[in-house]
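Structure data follow from data_7.pdb (PDB, C-alpha atoms and all ligand atoms):
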```
MODEL        1
ATOM      1  CA  MET A 445     -90.158 125.275 195.509  1.00  0.00           C
ATOM      2  CA  SER A 446     -87.641 126.248 198.146  1.00  0.00           C
ATOM      3  CA  GLU A 447     -85.719 128.283 195.555  1.00  0.00           C
ATOM      4  CA  ARG A 448     -88.343 131.031 195.426  1.00  0.00           C
ATOM      5  CA  GLN A 449     -86.515 133.157 197.988  1.00  0.00           C
ATOM      6  CA  GLU A 450     -83.436 133.240 195.785  1.00  0.00           C
ATOM      7  CA  GLU A 451     -85.330 135.120 193.110  1.00  0.00           C
ATOM      8  CA  CYS A 452     -85.158 138.395 194.942  1.00  0.00           C
ATOM      9  CA  CYS A 453     -82.825 140.402 192.791  1.00  0.00           C
ATOM     10  CA  ALA A 454     -82.597 141.457 189.197  1.00  0.00           C
ATOM     11  CA  ILE A 455     -79.519 139.364 188.582  1.00  0.00           C
ATOM     12  CA  HIS A 456     -80.296 136.262 186.589  1.00  0.00           C
ATOM     13  CA  PRO A 457     -77.551 133.711 186.883  1.00  0.00           C
ATOM     14  CA  PRO A 458     -77.059 131.282 184.012  1.00  0.00           C
ATOM     15  CA  ILE A 459     -79.261 128.223 184.309  1.00  0.00           C
ATOM     16  CA  ARG A 460     -76.850 125.539 183.162  1.00  0.00           C
ATOM     17  CA  CYS A 461     -73.203 124.802 183.645  1.00  0.00           C
ATOM     18  CA  GLY A 462     -71.153 122.654 181.290  1.00  0.00           C
ATOM     19  CA  PRO A 463     -70.640 119.331 183.063  1.00  0.00           C
ATOM     20  CA  GLU A 464     -73.439 119.413 185.557  1.00  0.00           C
ATOM     21  CA  LYS A 465     -71.809 117.281 188.206  1.00  0.00           C
ATOM     22  CA  CYS A 466     -68.667 117.918 190.194  1.00  0.00           C
ATOM     23  CA  SER A 467     -66.181 115.279 189.104  1.00  0.00           C
ATOM     24  CA  GLN A 468     -64.780 115.108 192.626  1.00  0.00           C
ATOM     25  CA  CYS A 469     -68.010 114.473 194.568  1.00  0.00           C
ATOM     26  CA  GLY A 470     -70.743 113.912 191.960  1.00  0.00           C
ATOM     27  CA  MET A 471     -73.050 116.636 193.260  1.00  0.00           C
ATOM     28  CA  MET A 472     -74.935 118.747 190.754  1.00  0.00           C
ATOM     29  CA  GLY A 473     -73.153 122.051 190.162  1.00  0.00           C
ATOM     30  CA  LYS A 474     -74.765 125.464 190.283  1.00  0.00           C
ATOM     31  CA  PRO A 475     -73.993 127.654 187.268  1.00  0.00           C
ATOM     32  CA  VAL A 476     -72.039 130.848 187.879  1.00  0.00           C
ATOM     33  CA  LYS A 477     -70.646 133.500 185.595  1.00  0.00           C
ATOM     34  CA  LYS A 478     -67.002 134.224 184.972  1.00  0.00           C
ATOM     35  CA  ILE A 479     -67.309 137.565 186.754  1.00  0.00           C
ATOM     36  CA  THR A 480     -68.080 135.702 189.991  1.00  0.00           C
ATOM     37  CA  LEU A 481     -64.824 133.753 189.732  1.00  0.00           C
ATOM     38  CA  GLY A 482     -62.926 136.937 188.883  1.00  0.00           C
ATOM     39  CA  ALA A 483     -64.322 138.726 191.917  1.00  0.00           C
ATOM     40  CA  LEU A 484     -63.969 135.929 194.455  1.00  0.00           C
ATOM     41  CA  LEU A 485     -60.675 134.267 193.589  1.00  0.00           C
ATOM     42  CA  LYS A 486     -57.494 135.437 195.260  1.00  0.00           C
ATOM     43  CA  ALA A 487     -55.712 138.018 193.128  1.00  0.00           C
ATOM     44  CA  GLU A 488     -52.895 135.681 192.160  1.00  0.00           C
ATOM     45  CA  LYS A 489     -55.388 133.136 190.804  1.00  0.00           C
ATOM     46  CA  ARG A 490     -57.349 135.454 188.533  1.00  0.00           C
ATOM     47  CA  ASN A 491     -55.119 135.058 185.514  1.00  0.00           C
ATOM     48  CA  THR A 492     -55.640 131.294 185.623  1.00  0.00           C
ATOM     49  CA  ILE A 493     -59.378 131.490 184.831  1.00  0.00           C
ATOM     50  CA  PRO A 494     -59.866 129.719 181.495  1.00  0.00           C
ATOM     51  CA  THR A 495     -60.426 132.194 178.680  1.00  0.00           C
ATOM     52  CA  GLY A 496     -63.100 131.936 176.028  1.00  0.00           C
ATOM     53  CA  GLN A 497     -65.623 130.670 178.535  1.00  0.00           C
ATOM     54  CA  GLU A 498     -68.268 132.699 180.320  1.00  0.00           C
ATOM     55  CA  GLU A 499     -69.954 130.135 182.536  1.00  0.00           C
ATOM     56  CA  PHE A 500     -68.614 127.828 185.181  1.00  0.00           C
ATOM     57  CA  CYS A 501     -70.011 125.550 187.891  1.00  0.00           C
ATOM     58  CA  PHE A 502     -70.047 126.020 191.645  1.00  0.00           C
ATOM     59  CA  CYS A 503     -69.936 122.920 193.874  1.00  0.00           C
ATOM     60  CA  ARG A 504     -72.224 123.363 196.894  1.00  0.00           C
ATOM     61  CA  ASN A 505     -71.312 120.139 198.658  1.00  0.00           C
ATOM     62  CA  PRO A 506     -70.128 121.041 202.188  1.00  0.00           C
ATOM     63  CA  ASP A 507     -67.866 117.986 202.258  1.00  0.00           C
ATOM     64  CA  CYS A 508     -66.155 118.667 198.923  1.00  0.00           C
ATOM     65  CA  ALA A 509     -63.107 120.933 198.719  1.00  0.00           C
ATOM     66  CA  VAL A 510     -63.833 121.856 195.093  1.00  0.00           C
ATOM     67  CA  VAL A 511     -65.456 125.265 194.606  1.00  0.00           C
ATOM     68  CA  TYR A 512     -65.455 125.904 190.859  1.00  0.00           C
ATOM     69  CA  PHE A 513     -65.242 123.468 187.980  1.00  0.00           C
ATOM     70  CA  ALA A 514     -65.825 123.355 184.238  1.00  0.00           C
ATOM     71  CA  LEU A 515     -65.840 120.930 181.328  1.00  0.00           C
ATOM     72  CA  GLY A 516     -64.618 117.887 183.201  1.00  0.00           C
ATOM     73  CA  GLN A 517     -61.975 120.002 184.845  1.00  0.00           C
ATOM     74  CA  ILE A 518     -61.628 120.842 188.510  1.00  0.00           C
ATOM     75  CA  LEU A 519     -60.508 124.451 188.631  1.00  0.00           C
ATOM     76  CA  TYR A 520     -60.493 125.918 192.129  1.00  0.00           C
ATOM     77  CA  PHE A 521     -60.584 124.814 195.746  1.00  0.00           C
ATOM     78  CA  LYS A 522     -61.680 126.581 198.933  1.00  0.00           C
ATOM     79  CA  GLU A 523     -58.191 127.952 199.564  1.00  0.00           C
ATOM     80  CA  ASP A 524     -58.161 129.679 196.166  1.00  0.00           C
ATOM     81  CA  LEU A 525     -60.919 132.073 197.216  1.00  0.00           C
ATOM     82  CA  SER A 526     -60.482 135.270 199.180  1.00  0.00           C
ATOM     83  CA  GLN A 527     -63.663 134.652 201.212  1.00  0.00           C
ATOM     84  CA  PRO A 528     -64.913 131.769 203.328  1.00  0.00           C
ATOM     85  CA  ILE A 529     -67.713 129.938 201.537  1.00  0.00           C
ATOM     86  CA  TYR A 530     -71.055 129.709 203.277  1.00  0.00           C
ATOM     87  CA  GLN A 531     -71.934 126.265 201.938  1.00  0.00           C
ATOM     88  CA  LYS A 532     -68.596 124.814 202.988  1.00  0.00           C
ATOM     89  CA  GLU A 533     -67.601 126.744 206.124  1.00  0.00           C
ATOM     90  CA  ARG A 534     -70.839 127.565 207.838  1.00  0.00           C
ATOM     91  CA  GLN A 535     -69.795 126.068 211.159  1.00  0.00           C
ATOM     92  CA  SER A 536     -67.580 129.135 211.658  1.00  0.00           C
ATOM     93  CA  SER A 537     -69.407 132.139 213.093  1.00  0.00           C
ATOM     94  CA  SER A 538     -67.321 134.569 211.010  1.00  0.00           C
ATOM     95  CA  THR A 539     -68.422 133.024 207.701  1.00  0.00           C
ATOM     96  CA  PRO A 540     -70.649 135.373 205.697  1.00  0.00           C
ATOM     97  CA  VAL A 541     -74.176 134.285 204.824  1.00  0.00           C
ATOM     98  CA  CYS A 542     -75.221 137.541 203.156  1.00  0.00           C
ATOM     99  CA  TYR A 543     -72.068 138.764 201.432  1.00  0.00           C
ATOM    100  CA  CYS A 544     -73.524 142.078 200.247  1.00  0.00           C
ATOM    101  CA  PHE A 545     -74.611 143.396 203.637  1.00  0.00           C
ATOM    102  CA  GLY A 546     -72.253 141.634 206.000  1.00  0.00           C
ATOM    103  CA  TRP A 547     -74.498 139.136 207.761  1.00  0.00           C
ATOM    104  CA  THR A 548     -72.277 136.426 209.148  1.00  0.00           C
ATOM    105  CA  VAL A 549     -73.488 133.271 210.869  1.00  0.00           C
ATOM    106  CA  GLY A 550     -72.497 134.880 214.197  1.00  0.00           C
ATOM    107  CA  LYS A 551     -74.309 138.164 213.538  1.00  0.00           C
ATOM    108  CA  ILE A 552     -77.487 136.328 212.564  1.00  0.00           C
ATOM    109  CA  ARG A 553     -77.270 134.277 215.755  1.00  0.00           C
ATOM    110  CA  GLN A 554     -76.818 137.437 217.875  1.00  0.00           C
ATOM    111  CA  LYS A 555     -79.750 139.155 216.252  1.00  0.00           C
ATOM    112  CA  MET A 556     -81.932 136.102 216.783  1.00  0.00           C
ATOM    113  CA  GLU A 557     -80.949 135.831 220.422  1.00  0.00           C
ATOM    114  CA  ARG A 558     -82.360 139.337 220.805  1.00  0.00           C
ATOM    115  CA  GLY A 559     -85.567 138.166 219.149  1.00  0.00           C
ATOM    116  CA  ASP A 560     -84.962 140.289 216.060  1.00  0.00           C
ATOM    117  CA  GLY A 561     -84.580 137.523 213.493  1.00  0.00           C
ATOM    118  CA  LYS A 562     -87.277 138.879 211.216  1.00  0.00           C
ATOM    119  CA  ARG A 563     -85.446 142.178 210.820  1.00  0.00           C
ATOM    120  CA  ILE A 564     -82.595 140.434 209.027  1.00  0.00           C
ATOM    121  CA  VAL A 565     -84.661 139.376 206.037  1.00  0.00           C
ATOM    122  CA  GLU A 566     -86.463 142.742 206.083  1.00  0.00           C
ATOM    123  CA  GLN A 567     -83.176 144.592 205.981  1.00  0.00           C
ATOM    124  CA  ILE A 568     -81.804 142.479 203.134  1.00  0.00           C
ATOM    125  CA  THR A 569     -84.959 142.624 201.012  1.00  0.00           C
ATOM    126  CA  GLY A 570     -85.127 146.397 201.615  1.00  0.00           C
ATOM    127  CA  GLU A 571     -81.583 146.862 200.348  1.00  0.00           C
ATOM    128  CA  VAL A 572     -82.276 144.614 197.373  1.00  0.00           C
ATOM    129  CA  LYS A 573     -85.306 146.733 196.474  1.00  0.00           C
ATOM    130  CA  ARG A 574     -83.137 149.842 196.625  1.00  0.00           C
ATOM    131  CA  GLY A 575     -80.809 148.200 194.124  1.00  0.00           C
ATOM    132  CA  ASN A 576     -77.932 147.693 196.531  1.00  0.00           C
ATOM    133  CA  CYS A 577     -77.427 144.003 195.925  1.00  0.00           C
ATOM    134  CA  TYR A 578     -74.214 142.787 194.259  1.00  0.00           C
ATOM    135  CA  CYS A 579     -74.345 139.066 194.850  1.00  0.00           C
ATOM    136  CA  GLU A 580     -72.925 138.266 191.436  1.00  0.00           C
ATOM    137  CA  ILE A 581     -69.576 139.644 192.566  1.00  0.00           C
ATOM    138  CA  THR A 582     -69.757 139.291 196.351  1.00  0.00           C
ATOM    139  CA  ASN A 583     -71.238 135.838 196.884  1.00  0.00           C
ATOM    140  CA  PRO A 584     -69.260 132.743 195.829  1.00  0.00           C
ATOM    141  CA  GLN A 585     -72.507 131.151 194.603  1.00  0.00           C
ATOM    142  CA  GLY A 586     -73.010 134.147 192.280  1.00  0.00           C
ATOM    143  CA  SER A 587     -76.635 134.674 193.237  1.00  0.00           C
ATOM    144  CA  CYS A 588     -78.732 136.100 196.027  1.00  0.00           C
ATOM    145  CA  CYS A 589     -78.194 134.888 199.573  1.00  0.00           C
ATOM    146  CA  LEU A 590     -81.775 135.033 200.846  1.00  0.00           C
ATOM    147  CA  GLY A 591     -82.346 131.289 200.597  1.00  0.00           C
ATOM    148  CA  ASN A 592     -79.233 130.729 202.720  1.00  0.00           C
ATOM    149  CA  VAL A 593     -80.195 133.422 205.226  1.00  0.00           C
ATOM    150  CA  SER A 594     -83.641 131.856 205.614  1.00  0.00           C
ATOM    151  CA  GLN A 595     -82.031 128.462 206.106  1.00  0.00           C
ATOM    152  CA  VAL A 596     -79.772 129.741 208.919  1.00  0.00           C
ATOM    153  CA  ILE A 597     -82.692 131.512 210.574  1.00  0.00           C
ATOM    154  CA  ALA A 598     -84.821 128.375 210.360  1.00  0.00           C
ATOM    155  CA  GLU A 599     -82.074 126.250 211.882  1.00  0.00           C
ATOM    156  CA  LEU A 600     -81.582 128.668 214.760  1.00  0.00           C
ATOM    157  CA  SER A 601     -85.305 129.072 215.365  1.00  0.00           C
ATOM    158  CA  PRO A 602     -87.200 127.124 217.982  1.00  0.00           C
ATOM    159  CA  LYS A 603     -89.228 124.282 216.429  1.00  0.00           C
ATOM    160  CA  LYS A 604     -92.309 126.237 215.318  1.00  0.00           C
ATOM    161  CA  SER A 605     -91.992 127.959 211.945  1.00  0.00           C
ATOM    162  CA  ASP A 606     -93.935 131.136 212.644  1.00  0.00           C
TER     163      ASP A 606
HETATM  164 ZN    ZN B   1     -67.780 118.760 194.594  1.00  0.00          ZN
ENDMDL
END
```

Please go through the file and, once you have read it, give me the structure as structure tokens.
Ligand SMILES: [Zn+2]
Amino acid sequence: MSERQEECCAIHPPIRCGPEKCSQCGMMGKPVKKITLGALLKAEKRNTIPTGQEEFCFCRNPDCAVVYFALGQILYFKEDLSQPIYQKERQSSSTPVCYCFGWTVGKIRQKMERGDGKRIVEQITGEVKRGNCYCEITNPQGSCCLGNVSQVIAELSPKKSD
């Protein structure tokens, strides 16, 4: 279960989203709450979030421009969000990986070049334990970033997986 690292915080995202697959690319969506859309969309887009619905789907496919969708309806694209999206723009070093504590792809790389990679996860889990994690409203995926942070660290690490 590679998802275990995502279970770090008290926030429990919904487990299902309406239509489970993105109608643009066919990839399974990840459920997110309305509050995530409200927090991450550009201000001028907020009043277009469908009312009477609390859960939406997030498309994680790096090659798909769709970010949020619902009930057979594509709702929002990358350019509708106020933040770059890790899953879709991770080739840019300024893209956040941990949205709560400001770890971008570039900052993780720098830290790892100094041999301090382990400190990153320690710092994040420490903050989470202190209750300082707000991924529901900071992270476009609406849930904790640790799985993504671990993935970036693993990719930047030399072969062995200490
Ligand atoms: Zn998609």

Discussion item. For Cys542 of chain A, find every residue with an atom within 8 Å (counting only C-alpha atoms), except residues of its own chain fewer than 5 positions away, and show them as an MDAnalysis selection string.
Written reply: chainID A and resid 547:548 583 589:590 592:593

Worksheet item: Residues within 7 Å of ligand ZN 1 (chain B) (all atoms listed in the file), as a list in words?
Response: Cys466, Ser467, Gln468, Cys469, Gly470, Met471, Cys503, Arg504, Asn505, Cys508, Ala509, Val510 and Val511 of chain A

Discussion item. At a cut-off of 9 Å, using all atoms listed in the file, what residues contact segment 563-567 of chain A? Leave out same-chain residues fewer than 4 positions from it and give the result as a list in words.
Written reply: Phe545, Trp547, Ile552, Lys555, Met556, Glu571, Val572, Leu590, Val593 and Ser594 of chain A

Worksheet item: Exactly which residues make up the result of the PyMOL selection byres (((chain A and resi 474) around 6) and not hetatm) on this file, given as a PyMOL selection string?
Response: chain A and resi 473+475+501-502

Fill in: Surrounding residues of Pro506 of chain A excluding itself and chain neighbours under 4 positions, 8 Å, all atoms listed in the file, as a ChimeraX atom specification
/A:531-533

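In terms of minimum interatomic distance to Leu484 of chain A, A:Leu525 ranks closest within A:Val541, A:Tyr520, A:Leu525, A:Ala598, counting all atoms listed in the file.
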
Worksheet item: Using the chain letters and numbers from the file, which residues does the PyMOL selection byres (((chain A and resi 478) around 10) and not hetatm) grab, as a PyMOL selection string?
Response: chain A and resi 475-477+479-483+493-495+497-501+580-581+586

Worksheet entry | atom CA of Asp507 of chain A to atom CA of Val549 of chain A, distance in Å rounded to a single decimal |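 We find that atom CA of Asp507 of chain A and atom CA of Val549 of chain A lie 18.4 Å from each other.
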
Worksheet item: What is the distance, in Å and to one decimal place, between atom CA of Gln585 of chain A and atom CA of Tyr512 of chain A?
Response: 9.6 Å

Discussion item. From the options A:Ser526, A:Lys551, A:Ile568, A:Met472, which residue's atoms come nearest to Lys489 of chain A, counting only C-alpha atoms?
Written reply: A:Ser526

Item to complete: Kindly give the distance, in Å, that separates atom CA of Gln527 of chain A and atom CA of Ala487 of chain A, rounded to a single decimal.
Response: 11.8 Å
